[in-house]
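Encoded as structure tokens, the structure appears first; notes follow it.
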Amino acid sequence: MAGILSPCAPMLFPMKCDIYYATDEQTELGAMKRNWQFDETRFCSFYTRDDETNNKNFEYGEKKFYNFETVLFGRTQTDIRKSSEGVYIPISHILITNIRNGDCENEDLLFYETNMKYDPVPIIFEAKMIQPYINAFNKIEYFKIELMRSDIQVFE
């Protein structure tokens, strides 16, 4: 069954995303090198900031040919600042990618770019803001997240 009543994904979190965390190490010459490692896949829900952004493409006043939406808003069930091992990670060391449909049979990518071979490549996003949403009973219901497209689209 597809959609919000899918048995494979919670109703309020119909998507999946992959979480990567960074570790910093110093090279022999003293330069800092950041290594990214996959932690886990989590349920989520993300959307673009403004669905009217495509109407602003091709504007001559700003001299833009195409305005690519780079900001997403959404939520996760769990705090992505805490790794699967229980370690708290700084927000600057978190990347989210491979945002896809969380359905059982269909895990199509939702936010991707196309490479030179015309294959879909998941966009890599940086976490810009993470906040808990606290309900009327003083309990955390979910975590609100703002994502921004990373300038670097390759894990090194």
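By convention here, the chains of the structure tokens are called A, B, ... in the order presented, each chain's residues are numbered starting at 1, and ligands are numbered starting at 1 in the order presented.
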*Please return as a PyMOL selection string: the residues of chain A that backbone DSSP assigns to strand (DSSP E).*
chain A and resi 15-26+32-48+71-76+94-101+112-114+120-122+125-134+140-149
*Using only C-alpha atoms, pick whichever of A:Glu126, A:Glu156, A:Glu28, A:Glu40 has the shortest atom-to-atom distance to Pro90 of chain A.*
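The closest residue to Pro90 of chain A is A:Glu126.
Closest approach to Asp151 of chain A from the set A:Ser92, A:Thr70, A:Ser84, A:Asn138 is made by A:Thr70, with distances taken over only C-alpha atoms.
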*State, in Å with one decimal place, the distance from atom CA of Pro10 of chain A to atom CA of Ile134 of chain A.*
18.9 Å
*Write out as a PyMOL selection string the residues lying within 8 Å of Tyr47 of chain A, counting only C-alpha atoms and excluding same-chain residues fewer than 2 positions away.*
chain A and resi 45+49+72-74
*Do you have the atom CA of Arg149 of chain A-atom CA of Thr48 of chain A distance handy?*
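Between these atoms lies a distance of 11.6 Å.
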_Give me the residues near segment 81-83 of chain A as a PyMOL selection string, where near means some atom within 10 Å (using only C-alpha atoms) and where sequence neighbours in that chain fewer than 3 positions away do not count._
chain A and resi 19-21+39-40+78+86-94+127+130
